[in-house]
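Colleague: I'm passing along upload31.cif; it holds mmCIF, C-alpha atoms.
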```cif
data_upload
loop_
_atom_site.label_atom_id
_atom_site.label_comp_id
_atom_site.auth_asym_id
_atom_site.auth_seq_id
_atom_site.Cartn_x
_atom_site.Cartn_y
_atom_site.Cartn_z
CA MET A 16 15.17 23.92 7.48
CA ASP A 17 13.64 23.89 10.94
CA ASN A 18 10.21 24.23 9.46
CA SER A 19 10.66 21.28 7.19
CA THR A 20 11.94 19.12 10.03
CA GLN A 21 8.93 20.12 12.03
CA ALA A 22 6.67 19.30 9.09
CA ASN A 23 8.23 15.86 8.84
CA ARG A 24 7.61 15.30 12.51
CA ILE A 25 3.97 16.32 12.33
CA ILE A 26 3.28 14.16 9.27
CA SER A 27 5.12 11.25 10.82
CA ASN A 28 2.99 11.59 13.97
CA ILE A 29 -0.24 11.69 11.98
CA LEU A 30 0.81 8.47 10.29
CA ARG A 31 1.85 6.82 13.50
CA TYR A 32 -1.20 7.66 15.62
CA GLY A 33 -3.55 6.98 12.74
CA SER A 34 -2.15 3.50 12.31
CA TYR A 35 -2.16 2.85 16.08
CA LEU A 36 -5.81 3.84 16.25
CA SER A 37 -6.86 1.70 13.32
CA ILE A 38 -4.86 -1.27 14.58
CA LEU A 39 -6.44 -0.90 18.01
CA PHE A 40 -9.93 -1.03 16.54
CA MET A 41 -9.07 -3.92 14.25
CA ILE A 42 -7.63 -5.97 17.09
CA LEU A 43 -10.60 -5.22 19.34
CA GLY A 44 -12.92 -6.23 16.51
CA LEU A 45 -11.10 -9.50 15.96
CA VAL A 46 -11.03 -10.33 19.67
CA LEU A 47 -14.76 -9.60 20.02
CA PHE A 48 -15.40 -11.65 16.91
CA VAL A 49 -13.63 -14.67 18.36
CA LEU A 50 -15.18 -14.19 21.83
CA GLN A 51 -18.71 -13.90 20.52
CA GLY A 52 -18.64 -17.32 18.99
CA SER A 53 -16.41 -18.94 16.50
CA SER A 54 -17.32 -18.80 12.90
CA THR A 55 -16.59 -20.89 9.86
CA GLY A 56 -15.32 -19.42 6.67
CA GLN A 57 -18.67 -19.61 4.98
CA GLU A 58 -20.44 -17.51 7.58
CA LEU A 59 -17.60 -15.04 7.53
CA ARG A 60 -18.25 -14.25 3.90
CA GLU A 61 -21.90 -13.48 4.33
CA ILE A 62 -21.40 -10.50 6.59
CA PRO A 63 -22.95 -7.40 5.06
CA THR A 64 -20.88 -4.24 4.80
CA GLN A 65 -21.81 -1.53 7.26
CA THR A 66 -22.07 2.15 6.52
CA VAL A 67 -19.99 4.59 8.52
CA LEU A 68 -22.94 5.54 10.72
CA GLU A 69 -23.98 1.94 11.31
CA ALA A 70 -20.44 1.09 12.31
CA LEU A 71 -20.12 4.02 14.71
CA GLY A 72 -23.46 3.07 16.29
CA GLY A 73 -22.43 -0.57 16.49
CA LEU A 74 -19.40 0.31 18.63
CA PHE A 75 -21.67 0.84 21.62
CA GLY A 76 -23.20 -2.59 21.17
CA LEU A 77 -19.69 -4.12 21.04
CA ASP A 78 -20.43 -5.36 17.54
CA PRO A 79 -17.18 -6.92 16.24
CA ILE A 80 -17.90 -6.01 12.63
CA ALA A 81 -18.49 -2.40 13.67
CA PHE A 82 -15.08 -2.30 15.35
CA MET A 83 -13.41 -3.79 12.28
CA THR A 84 -15.20 -1.36 10.00
CA VAL A 85 -14.13 1.62 12.12
CA GLY A 86 -10.59 0.24 12.08
CA ILE A 87 -10.60 0.18 8.30
CA ILE A 88 -12.14 3.63 8.08
CA ALA A 89 -9.45 4.97 10.42
CA LEU A 90 -6.83 3.32 8.24
CA LEU A 91 -8.22 4.86 5.07
CA VAL A 92 -8.66 8.30 6.62
CA THR A 93 -5.04 8.45 7.81
CA PRO A 94 -3.51 9.08 4.35
CA PHE A 95 -6.24 11.64 3.77
CA LEU A 96 -5.22 13.45 6.97
CA ARG A 97 -1.61 13.18 5.87
CA VAL A 98 -2.38 15.11 2.70
CA LEU A 99 -4.53 17.60 4.59
CA GLY A 100 -1.69 18.10 7.08
CA LEU A 101 0.77 18.75 4.25
CA PHE A 102 -1.59 21.27 2.70
CA VAL A 103 -1.86 23.18 5.98
CA ILE A 104 1.89 23.05 6.57
CA TYR A 105 2.76 24.23 3.05
CA LEU A 106 0.20 27.00 3.19
CA PHE A 107 0.73 28.40 6.67
CA VAL A 108 4.08 27.21 7.97
CA GLU A 109 6.32 27.02 4.92
CA LYS A 110 4.34 29.56 2.89
CA ASP A 111 5.01 27.52 -0.21
CA LYS A 112 2.10 28.34 -2.50
CA LEU A 113 3.00 25.92 -5.29
CA TYR A 114 3.10 22.86 -3.06
CA ALA A 115 0.09 24.02 -1.08
CA MET A 116 -1.81 23.99 -4.39
CA ILE A 117 -0.44 20.60 -5.35
CA SER A 118 -1.47 19.13 -1.98
CA PHE A 119 -4.86 20.74 -2.38
CA GLY A 120 -5.18 19.09 -5.79
CA VAL A 121 -4.46 15.66 -4.31
CA LEU A 122 -6.95 16.38 -1.54
CA VAL A 123 -9.65 17.20 -4.08
CA ILE A 124 -8.92 13.98 -6.00
CA LEU A 125 -9.22 11.97 -2.77
CA ILE A 126 -12.55 13.63 -1.98
CA ILE A 127 -13.74 12.78 -5.49
CA SER A 128 -12.80 9.15 -4.84
CA MET A 129 -15.10 9.19 -1.81
CA LEU A 130 -17.96 10.65 -3.83
CA ILE A 131 -17.74 8.41 -6.88
CA PRO A 132 -19.38 5.30 -5.36
CA GLY A 133 -22.36 7.45 -4.35
CA LEU A 134 -22.88 8.60 -7.92
CA LYS A 135 -24.05 5.19 -9.07
CA MET B 7 -9.91 -21.06 12.43
CA PHE B 8 -10.52 -19.31 9.13
CA ILE B 9 -9.51 -16.01 10.71
CA LEU B 10 -6.31 -17.57 11.99
CA TYR B 11 -5.39 -18.73 8.49
CA LEU B 12 -6.08 -15.26 7.14
CA LEU B 13 -3.90 -13.71 9.84
CA ILE B 14 -1.09 -16.13 9.02
CA THR B 15 -1.46 -15.31 5.33
CA GLY B 16 -1.14 -11.61 6.12
CA VAL B 17 1.88 -12.09 8.37
CA ALA B 18 3.62 -14.24 5.76
CA ALA B 19 2.85 -11.72 3.01
CA GLY B 20 4.13 -8.87 5.19
CA ILE B 21 7.38 -10.64 6.07
CA ILE B 22 8.11 -11.87 2.55
CA GLY B 23 7.02 -8.60 0.99
CA SER B 24 9.36 -6.53 3.10
CA LEU B 25 12.23 -9.00 2.64
CA LEU B 26 11.84 -8.96 -1.13
CA GLY B 27 11.12 -5.25 -1.24
CA LEU B 28 7.62 -5.77 -2.62
CA GLY B 29 4.27 -4.65 -1.36
CA GLY B 30 2.08 -7.32 0.16
CA GLY B 31 -0.40 -7.31 -2.73
CA ILE B 32 1.57 -9.39 -5.14
CA ILE B 33 1.66 -12.15 -2.53
CA VAL B 34 -1.75 -11.72 -0.88
CA ILE B 35 -3.82 -11.77 -4.06
CA PRO B 36 -2.55 -15.11 -5.39
CA VAL B 37 -2.93 -16.67 -1.93
CA LEU B 38 -6.49 -15.38 -1.47
CA THR B 39 -7.57 -16.51 -4.92
CA ILE B 40 -5.62 -19.77 -5.24
CA LEU B 41 -5.78 -21.08 -1.64
CA PHE B 42 -8.88 -19.38 -0.25
CA HIS B 43 -10.83 -19.41 -3.52
CA LEU B 44 -11.92 -15.79 -3.14
CA PRO B 45 -13.05 -14.06 -6.33
CA ILE B 46 -10.24 -11.88 -7.65
CA LYS B 47 -12.20 -8.65 -7.29
CA GLU B 48 -12.65 -9.29 -3.57
CA ALA B 49 -8.99 -10.19 -3.22
CA ILE B 50 -7.97 -6.93 -4.93
CA ALA B 51 -10.13 -4.84 -2.60
CA ILE B 52 -8.71 -6.61 0.46
CA SER B 53 -5.16 -6.28 -0.80
CA LEU B 54 -5.57 -2.52 -1.16
CA VAL B 55 -6.42 -2.24 2.52
CA GLY B 56 -3.24 -4.18 3.24
CA VAL B 57 -1.26 -1.84 0.99
CA VAL B 58 -2.50 1.21 2.92
CA ALA B 59 -1.60 -0.50 6.20
CA THR B 60 1.93 -1.32 5.05
CA SER B 61 2.60 2.11 3.62
CA THR B 62 1.26 3.95 6.65
CA GLY B 63 3.33 1.90 9.05
CA ALA B 64 6.55 2.12 7.09
CA ALA B 65 6.12 5.70 5.93
CA ALA B 66 5.92 6.91 9.52
CA VAL B 67 9.49 5.70 9.99
CA TYR B 68 10.84 6.88 6.65
CA VAL B 69 9.27 10.34 6.78
CA LYS B 70 10.58 10.96 10.25
CA ALA B 71 14.05 9.94 9.13
CA GLY B 72 13.77 12.56 6.41
CA LYS B 73 14.39 10.19 3.51
CA THR B 74 11.18 10.88 1.72
CA ASN B 75 11.06 13.57 -0.93
CA ILE B 76 7.59 14.66 0.06
CA ARG B 77 7.39 17.45 -2.52
CA LEU B 78 8.20 15.08 -5.36
CA GLY B 79 5.86 12.49 -3.86
CA MET B 80 2.94 14.91 -3.68
CA THR B 81 3.52 16.11 -7.23
CA LEU B 82 3.53 12.59 -8.63
CA GLU B 83 0.57 11.83 -6.39
CA LEU B 84 -1.57 14.10 -8.54
CA ALA B 85 -1.10 11.54 -11.31
CA THR B 86 -1.23 8.33 -9.23
CA THR B 87 -4.46 9.17 -7.39
CA ILE B 88 -6.27 10.00 -10.62
CA GLY B 89 -4.84 6.78 -12.06
CA ALA B 90 -6.03 4.84 -9.01
CA ILE B 91 -9.57 6.11 -9.39
CA VAL B 92 -9.54 5.24 -13.08
CA GLY B 93 -8.12 1.80 -12.26
CA ALA B 94 -10.79 1.07 -9.64
CA LEU B 95 -13.51 2.15 -12.05
CA ILE B 96 -12.09 -0.03 -14.84
CA ALA B 97 -11.92 -2.98 -12.41
CA GLY B 98 -15.65 -2.55 -11.83
CA MET B 99 -16.33 -2.80 -15.53
CA VAL B 100 -14.06 -5.54 -16.85
CA SER B 101 -14.60 -9.26 -16.34
CA SER B 102 -12.69 -11.26 -13.74
CA LYS B 103 -11.11 -13.22 -16.58
CA ILE B 104 -9.25 -10.12 -17.76
CA LEU B 105 -8.13 -9.30 -14.20
CA TYR B 106 -6.70 -12.81 -13.77
CA TYR B 107 -4.77 -12.48 -17.03
CA LEU B 108 -3.49 -9.02 -16.17
CA PHE B 109 -2.39 -10.18 -12.76
CA ALA B 110 -0.65 -13.16 -14.30
CA ALA B 111 1.15 -10.79 -16.67
CA LEU B 112 2.17 -8.67 -13.69
CA LEU B 113 3.55 -11.74 -11.92
CA PHE B 114 5.51 -12.73 -15.02
CA TYR B 115 6.95 -9.22 -15.26
CA ASN B 116 7.80 -9.21 -11.57
CA THR B 117 9.52 -12.58 -11.89
CA TYR B 118 11.46 -11.34 -14.89
CA SER B 119 12.62 -8.21 -13.10
CA MET B 120 13.68 -10.22 -10.04
CA PHE B 121 15.53 -12.64 -12.32
CA ARG B 122 17.27 -9.83 -14.16
CA LYS B 123 18.37 -8.27 -10.89
CA LYS B 124 19.78 -11.59 -9.77
CA GLU B 125 21.94 -11.65 -12.87
CA LYS B 126 23.54 -8.40 -11.83
CA THR B 127 24.66 -9.52 -8.42
CA ASN B 128 25.98 -6.13 -7.56
CA GLN B 129 22.66 -4.48 -7.91
CA THR B 130 20.94 -7.08 -5.77
CA GLY B 131 23.42 -6.46 -3.03
CA ALA B 132 22.87 -2.75 -3.33
CA GLU B 133 19.13 -3.10 -3.08
CA THR B 134 19.26 -5.33 -0.06
CA ALA B 135 21.50 -2.82 1.57
CA VAL B 136 19.05 -0.09 0.69
CA ALA B 137 16.18 -1.96 2.23
CA SER B 138 17.90 -2.60 5.51
CA ASP B 139 19.31 0.90 5.58
CA LEU B 140 15.90 2.39 5.15
CA GLN B 141 14.42 0.27 7.83
CA ALA B 142 17.18 0.75 10.30
CA GLY B 143 16.29 4.43 9.97
CA SER B 144 19.86 5.24 10.81
CA ALA B 145 23.33 5.86 9.50
CA GLY B 146 24.29 8.99 7.70
CA TYR B 147 20.90 10.52 7.20
CA GLN B 148 20.97 14.02 8.58
CA ASN B 149 19.84 14.76 5.10
CA THR B 150 18.07 18.10 5.31
CA SER B 151 20.83 19.42 3.10
CA GLY B 152 21.69 16.14 1.40
CA GLU B 153 18.29 16.18 -0.22
CA LYS B 154 19.40 18.97 -2.50
CA THR B 155 22.31 17.09 -4.00
CA TYR B 156 20.23 15.70 -6.88
CA ARG B 157 17.97 17.38 -9.37
CA VAL B 158 14.70 15.81 -10.39
CA ARG B 159 14.61 15.37 -14.17
CA ASN B 160 11.94 14.36 -16.66
CA LEU B 161 8.97 15.30 -14.53
CA PRO B 162 6.40 14.88 -17.36
CA VAL B 163 7.65 11.35 -18.06
CA GLY B 164 7.51 10.65 -14.33
CA MET B 165 3.94 11.91 -14.16
CA PHE B 166 2.96 9.68 -17.07
CA PHE B 167 4.38 6.55 -15.48
CA SER B 168 2.95 7.53 -12.10
CA ALA B 169 -0.51 7.67 -13.64
CA LEU B 170 0.14 4.22 -15.09
CA ALA B 171 1.29 2.95 -11.68
CA GLY B 172 -1.90 4.41 -10.18
CA ILE B 173 -4.09 2.63 -12.71
CA LEU B 174 -2.31 -0.67 -11.99
CA SER B 175 -2.76 -0.07 -8.28
CA GLY B 176 -6.49 0.56 -8.47
CA LEU B 177 -7.04 -2.16 -11.03
CA LEU B 178 -4.97 -4.96 -9.54
CA GLY B 179 -4.71 -4.07 -5.84
CA ILE B 180 -0.96 -3.59 -5.75
CA GLY B 181 1.11 -0.67 -4.47
CA GLY B 182 2.81 0.16 -7.74
CA GLY B 183 6.35 0.51 -6.43
CA LEU B 184 7.34 -1.98 -9.12
CA VAL B 185 6.77 0.81 -11.65
CA LYS B 186 7.49 3.96 -9.64
CA ILE B 187 10.83 3.10 -8.06
CA PRO B 188 12.63 2.26 -11.35
CA VAL B 189 11.08 5.30 -13.04
CA MET B 190 12.20 7.70 -10.31
CA TYR B 191 15.61 6.10 -10.10
CA LEU B 192 16.42 5.52 -13.77
CA LEU B 193 14.51 8.28 -15.55
CA MET B 194 14.15 11.06 -12.99
CA GLY B 195 17.57 10.99 -11.38
CA VAL B 196 16.32 10.35 -7.85
CA PRO B 197 18.69 8.31 -5.65
CA LEU B 198 17.47 4.75 -5.13
CA LYS B 199 16.95 5.08 -1.38
CA THR B 200 14.95 8.26 -1.77
CA ALA B 201 12.97 6.72 -4.63
CA ALA B 202 12.05 3.72 -2.47
CA ALA B 203 11.04 5.85 0.52
CA THR B 204 9.11 8.30 -1.65
CA SER B 205 7.31 5.49 -3.44
CA ASN B 206 6.39 3.99 -0.10
CA PHE B 207 5.02 7.32 1.10
CA MET B 208 2.95 7.66 -2.06
CA ILE B 209 1.57 4.12 -2.12
CA GLY B 210 -0.65 4.69 0.90
CA VAL B 211 -2.29 7.77 -0.58
CA THR B 212 -2.68 6.14 -4.00
CA ALA B 213 -4.19 2.96 -2.58
CA THR B 214 -6.53 5.02 -0.39
CA ALA B 215 -8.09 6.67 -3.43
CA SER B 216 -9.09 3.32 -4.91
CA ALA B 217 -9.73 1.63 -1.54
CA PHE B 218 -12.34 4.28 -0.74
CA ILE B 219 -14.16 3.41 -3.95
CA TYR B 220 -14.08 -0.31 -3.17
CA PHE B 221 -15.02 0.26 0.47
CA LEU B 222 -17.93 2.59 -0.18
CA ASN B 223 -19.16 0.24 -2.92
CA GLY B 224 -19.37 -2.45 -0.27
CA SER B 225 -16.76 -4.63 -1.98
CA ILE B 226 -14.44 -4.81 1.01
CA ASP B 227 -15.37 -7.69 3.26
CA VAL B 228 -14.13 -6.33 6.58
CA ALA B 229 -14.05 -9.68 8.34
CA ILE B 230 -11.51 -10.89 5.78
CA ALA B 231 -9.72 -7.59 5.22
CA VAL B 232 -9.02 -6.97 8.91
CA PRO B 233 -7.09 -10.16 9.71
CA VAL B 234 -5.16 -9.87 6.44
CA ALA B 235 -4.31 -6.18 6.94
CA LEU B 236 -3.30 -6.71 10.57
CA GLY B 237 -1.20 -9.67 9.53
CA ILE B 238 0.56 -7.68 6.82
CA PHE B 239 1.21 -4.82 9.20
CA PHE B 240 2.86 -7.01 11.83
CA GLY B 241 4.52 -9.18 9.20
CA ALA B 242 6.15 -6.12 7.67
CA MET B 243 7.48 -5.13 11.08
CA ILE B 244 8.97 -8.59 11.59
CA GLY B 245 10.37 -8.57 8.06
CA THR B 246 12.06 -5.25 8.72
CA LYS B 247 13.88 -6.74 11.68
CA LEU B 248 14.77 -9.93 9.84
CA ASN B 249 16.11 -7.99 6.89
CA ALA B 250 19.09 -6.84 8.89
CA VAL B 251 19.85 -10.38 10.00
CA ILE B 252 19.32 -12.78 7.12
CA SER B 253 20.41 -12.92 3.52
CA THR B 254 17.57 -12.62 1.07
CA ASP B 255 19.41 -14.26 -1.82
CA ILE B 256 18.01 -17.76 -1.37
CA LEU B 257 14.57 -16.34 -0.65
CA LYS B 258 14.69 -14.50 -3.95
CA LYS B 259 15.54 -17.67 -5.84
CA ILE B 260 12.70 -19.53 -4.16
CA PHE B 261 10.26 -16.76 -4.95
CA ILE B 262 11.20 -16.56 -8.57
CA VAL B 263 9.87 -20.12 -8.78
CA ILE B 264 6.81 -19.41 -6.61
CA PHE B 265 5.87 -16.32 -8.62
CA LEU B 266 6.12 -18.29 -11.84
CA TYR B 267 3.90 -21.00 -10.37
CA ASN B 268 1.40 -18.34 -9.19
CA ALA B 269 1.37 -16.73 -12.61
CA VAL B 270 0.50 -20.04 -14.26
CA GLN B 271 -2.20 -20.67 -11.64
CA MET B 272 -3.70 -17.25 -12.29
CA VAL B 273 -3.85 -17.97 -16.03
CA ILE B 274 -5.62 -21.27 -15.26
CA LYS B 275 -8.04 -19.46 -12.92
CA GLY B 276 -8.68 -16.93 -15.66
CA MET B 277 -9.52 -19.65 -18.16
CA GLY B 278 -11.89 -21.25 -15.68
CA SER B 279 -13.73 -18.06 -14.76
#
```
Go ahead and express the file in the form of structure tokens.
Modeller:
Amino acid sequence: MDNSTQANRIISNILRYGSYLSILFMILGLVLFVLQGSSTGQELREIPTQTVLEALGGLFGLDPIAFMTVGIIALLVTPFLRVLGLFVIYLFVEKDKLYAMISFGVLVILIISMLIPGLK
Amino acid sequence: MFILYLLITGVAAGIIGSLLGLGGGIIVIPVLTILFHLPIKEAIAISLVGVVATSTGAAAVYVKAGKTNIRLGMTLELATTIGAIVGALIAGMVSSKILYYLFAALLFYNTYSMFRKKEKTNQTGAETAVASDLQAGSAGYQNTSGEKTYRVRNLPVGMFFSALAGILSGLLGIGGGLVKIPVMYLLMGVPLKTAAATSNFMIGVTATASAFIYFLNGSIDVAIAVPVALGIFFGAMIGTKLNAVISTDILKKIFIVIFLYNAVQMVIKGMGS
């Protein structure tokens, strides 16, 4: 019972800090975007998507789109970490093999979802 | 200015979504396509980011309060994530026309289910209570033992419908609670509150699977997705607070009409595309 409460707390913290982090980056991105010159809707829609590496590099140049991209990546990685966290907890803390395997299965599916666009 | 409108859209979707017990997607997608004239595929991708934001924010509260049946959630997640990937891949292949029609059908179904619930006043009251209970994160929930008072039934059926919910999520950019909550509650014997919290926990993971595909394909326009997602996130927080204060009955009536209007608009958009 203690273990499962602890597991809940860890997962809840992953969710919380993950969302804080992504929100922080998104807000910074928006603020920079507004500060660096206002933009009409049309221009907004012609912004090319950045890759992960481009976005991380762009952070140093205070590129608003880079901040927003990192914010979205952080947001999308949080549920992934949540599943990873569950896997670790089930495997090592609760020693629950069945659910460790189930979590691992979900993890594999999520990894596949990241690889699929690259297959094109 | 454009960003401000997007932010407002997100906030409104977040507030209304949490008051009506819906994800933001069913509100965001019609607004983005009908008012902002975005192509539906872009709107779907953006909505998915919003869905992840909502689920992550809310799930942090629910999980901590111990209302989520994480084991059940993870098991069903095997089906929803595969469904989500399939849905996102199908969305890449079918024409926008079909997506508009499907979304219109979803809106009609959603309107119907809201209307049916209104008929049974009791149930509506119960659900509102559930929503505010969940969000208050309080009262009577030292449930480490309470969790064992029900037995999950019909797991294969649940897996089937979860896969379906996943496909809908990836295909149409919604969370899929519309399918999962009734299935868990009515077919699997899960208490309504637990079903809602578990569905919410799952939605983030499900939407992530398809959102990754859209994102890495370059179909998520971050400059639009960010204000909308931020808006939804904060809107949902406001909605949670409001839920305890105001009655959602009138809001539901209004939205039955708005959803119907949206559904018709989506059909028209579909015919024009």
Colleague: Restricting the calculation to only C-alpha atoms, which member of A:Leu36, A:Leu30, A:Leu68, A:Ala22 is positioned closest to chain B?
Modeller: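 Using only C-alpha atoms, chain B sits closest to A:Leu30.
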Colleague: So the first atom is CA of Val85 in chain A and the second is CA of Leu222 in chain B; what is the distance between them in Å, to one decimal place?
Modeller: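 CA of Val85 in chain A sits 12.9 Å away from CA of Leu222 in chain B.
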Colleague: Could you tell me which of B:Leu161, B:Leu84, B:Ala18, B:Ala171 comes closest to chain A if we count all atoms listed in the file?
Modeller: B:Leu84
Colleague: For this file, the PyMOL selection byres ((chain B and resi 276) around 10) selects which residues, as a ChimeraX atom specification?
Modeller: /B:46,101-110,270-275,277-279
Colleague: With a cut-off of 8 Å, could you pull out the residues of chain B touching chain A and give me the nearest pair of atoms for each, distance in Å to one decimal, using only C-alpha atoms, ordered by chain and ascending number, as JSON lines?
Modeller:
```
{"residue": "B:Met7", "atom": "CA", "partner": "A:Thr55", "partner_atom": "CA", "distance": 7.2}
{"residue": "B:Phe8", "atom": "CA", "partner": "A:Gly56", "partner_atom": "CA", "distance": 5.4}
{"residue": "B:Ile9", "atom": "CA", "partner": "A:Gly56", "partner_atom": "CA", "distance": 7.9}
{"residue": "B:Val55", "atom": "CA", "partner": "A:Ile87", "partner_atom": "CA", "distance": 7.5}
{"residue": "B:Val58", "atom": "CA", "partner": "A:Leu91", "partner_atom": "CA", "distance": 7.1}
{"residue": "B:Ala59", "atom": "CA", "partner": "A:Leu90", "partner_atom": "CA", "distance": 6.8}
{"residue": "B:Thr62", "atom": "CA", "partner": "A:Leu30", "partner_atom": "CA", "distance": 5.8}
{"residue": "B:Gly63", "atom": "CA", "partner": "A:Ser34", "partner_atom": "CA", "distance": 6.6}
{"residue": "B:Ala65", "atom": "CA", "partner": "A:Leu30", "partner_atom": "CA", "distance": 7.4}
{"residue": "B:Ala66", "atom": "CA", "partner": "A:Ser27", "partner_atom": "CA", "distance": 4.6}
{"residue": "B:Val67", "atom": "CA", "partner": "A:Ser27", "partner_atom": "CA", "distance": 7.1}
{"residue": "B:Val69", "atom": "CA", "partner": "A:Ser27", "partner_atom": "CA", "distance": 5.9}
{"residue": "B:Lys70", "atom": "CA", "partner": "A:Ser27", "partner_atom": "CA", "distance": 5.5}
{"residue": "B:Gly72", "atom": "CA", "partner": "A:Asn23", "partner_atom": "CA", "distance": 6.9}
{"residue": "B:Arg77", "atom": "CA", "partner": "A:Tyr114", "partner_atom": "CA", "distance": 6.9}
{"residue": "B:Met80", "atom": "CA", "partner": "A:Ser118", "partner_atom": "CA", "distance": 6.3}
{"residue": "B:Thr81", "atom": "CA", "partner": "A:Ile117", "partner_atom": "CA", "distance": 6.3}
{"residue": "B:Glu83", "atom": "CA", "partner": "A:Val121", "partner_atom": "CA", "distance": 6.7}
{"residue": "B:Leu84", "atom": "CA", "partner": "A:Val121", "partner_atom": "CA", "distance": 5.4}
{"residue": "B:Thr87", "atom": "CA", "partner": "A:Ile124", "partner_atom": "CA", "distance": 6.7}
{"residue": "B:Ile88", "atom": "CA", "partner": "A:Ile124", "partner_atom": "CA", "distance": 6.6}
{"residue": "B:Ile91", "atom": "CA", "partner": "A:Ser128", "partner_atom": "CA", "distance": 6.4}
{"residue": "B:Thr150", "atom": "CA", "partner": "A:Met16", "partner_atom": "CA", "distance": 6.9}
{"residue": "B:Gly210", "atom": "CA", "partner": "A:Pro94", "partner_atom": "CA", "distance": 6.3}
{"residue": "B:Val211", "atom": "CA", "partner": "A:Pro94", "partner_atom": "CA", "distance": 5.2}
{"residue": "B:Thr214", "atom": "CA", "partner": "A:Leu91", "partner_atom": "CA", "distance": 5.7}
{"residue": "B:Ala215", "atom": "CA", "partner": "A:Leu125", "partner_atom": "CA", "distance": 5.5}
{"residue": "B:Ser216", "atom": "CA", "partner": "A:Ser128", "partner_atom": "CA", "distance": 6.9}
{"residue": "B:Ala217", "atom": "CA", "partner": "A:Leu91", "partner_atom": "CA", "distance": 7.5}
{"residue": "B:Phe218", "atom": "CA", "partner": "A:Met129", "partner_atom": "CA", "distance": 5.7}
{"residue": "B:Ile219", "atom": "CA", "partner": "A:Pro132", "partner_atom": "CA", "distance": 5.7}
{"residue": "B:Leu222", "atom": "CA", "partner": "A:Pro132", "partner_atom": "CA", "distance": 6.0}
{"residue": "B:Asn223", "atom": "CA", "partner": "A:Pro132", "partner_atom": "CA", "distance": 5.6}
{"residue": "B:Gly224", "atom": "CA", "partner": "A:Thr64", "partner_atom": "CA", "distance": 5.6}
{"residue": "B:Ser225", "atom": "CA", "partner": "A:Thr64", "partner_atom": "CA", "distance": 7.9}
{"residue": "B:Ile226", "atom": "CA", "partner": "A:Thr64", "partner_atom": "CA", "distance": 7.5}
{"residue": "B:Asp227", "atom": "CA", "partner": "A:Thr64", "partner_atom": "CA", "distance": 6.7}
{"residue": "B:Val228", "atom": "CA", "partner": "A:Thr84", "partner_atom": "CA", "distance": 6.1}
{"residue": "B:Ala229", "atom": "CA", "partner": "A:Leu59", "partner_atom": "CA", "distance": 6.5}
{"residue": "B:Ile230", "atom": "CA", "partner": "A:Leu59", "partner_atom": "CA", "distance": 7.6}
{"residue": "B:Val232", "atom": "CA", "partner": "A:Met41", "partner_atom": "CA", "distance": 6.1}
{"residue": "B:Pro233", "atom": "CA", "partner": "A:Leu45", "partner_atom": "CA", "distance": 7.5}
{"residue": "B:Leu236", "atom": "CA", "partner": "A:Ile38", "partner_atom": "CA", "distance": 6.9}
```
Colleague: What's around Ala97 in chain B at 8 Å? Count all atoms listed in the file, leave out sequence neighbours fewer than 4 positions away in its own chain, and write the answer as a ChimeraX atom specification.
Modeller: /B:47,93,101,105,176-178
Colleague: Excluding same-chain residues fewer than 4 positions from Ala49 in chain B, what lies within 8 Å of it counting only C-alpha atoms, as a list in words?
Modeller: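 Near neighbours after the sequence-gap exclusion: Val34, Ile35, Leu38, Thr39, Leu44, Pro45, Ser53 and Gly179 of chain B.
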Colleague: Generate the output file for the selected residues, C-alpha atoms, as a PDB file, in the coordinates of the input.
Modeller:
```pdb
ATOM      1  CA  VAL B  34      -1.750 -11.720  -0.880  1.00  0.00           C
ATOM      2  CA  ILE B  35      -3.820 -11.770  -4.060  1.00  0.00           C
ATOM      3  CA  LEU B  38      -6.490 -15.380  -1.470  1.00  0.00           C
ATOM      4  CA  THR B  39      -7.570 -16.510  -4.920  1.00  0.00           C
ATOM      5  CA  LEU B  44     -11.920 -15.790  -3.140  1.00  0.00           C
ATOM      6  CA  PRO B  45     -13.050 -14.060  -6.330  1.00  0.00           C
ATOM      7  CA  SER B  53      -5.160  -6.280  -0.800  1.00  0.00           C
ATOM      8  CA  GLY B 179      -4.710  -4.070  -5.840  1.00  0.00           C
TER       9      GLY B 179
END
```
Colleague: State, in Å with one decimal place, the distance from CA of Leu77 in chain A to CA of Ala235 in chain B.
Modeller: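 Distance between the two atoms: 21.0 Å.
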Colleague: For the provided coordinates, the residues matched by the PyMOL selection byres ((chain B and resi 33) around 9) should be stated as an NGL selection string.
Modeller: :B and (18-20 or 22-23 or 28-32 or 34-38 or 265)
Colleague: What separation in Å, quoted to one decimal, exists between CA of Leu12 in chain B and CA of Phe221 in chain B?
Modeller: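 Computing the Euclidean distance for CA of Leu12 in chain B and CA of Phe221 in chain B yields 19.1 Å.
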Colleague: On this structure, which residues satisfy the PyMOL selection byres ((chain B and resi 197) around 12), written as a count of residues only?
Modeller: 31
Colleague: For Thr254 in chain B, find every residue with an atom within 9 Å (counting only C-alpha atoms), except residues of its own chain fewer than 5 positions away, and show them as a ChimeraX atom specification.
Modeller: /B:25-26,134,249,259
Colleague: Find the residue from B:Val57, B:Ile40, B:Leu174, B:Ile76 that sits nearest to Ser24 in chain B; use all atoms listed in the file when measuring.
Modeller: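 Among B:Val57, B:Ile40, B:Leu174, B:Ile76, it is B:Val57 that comes nearest to Ser24 in chain B.
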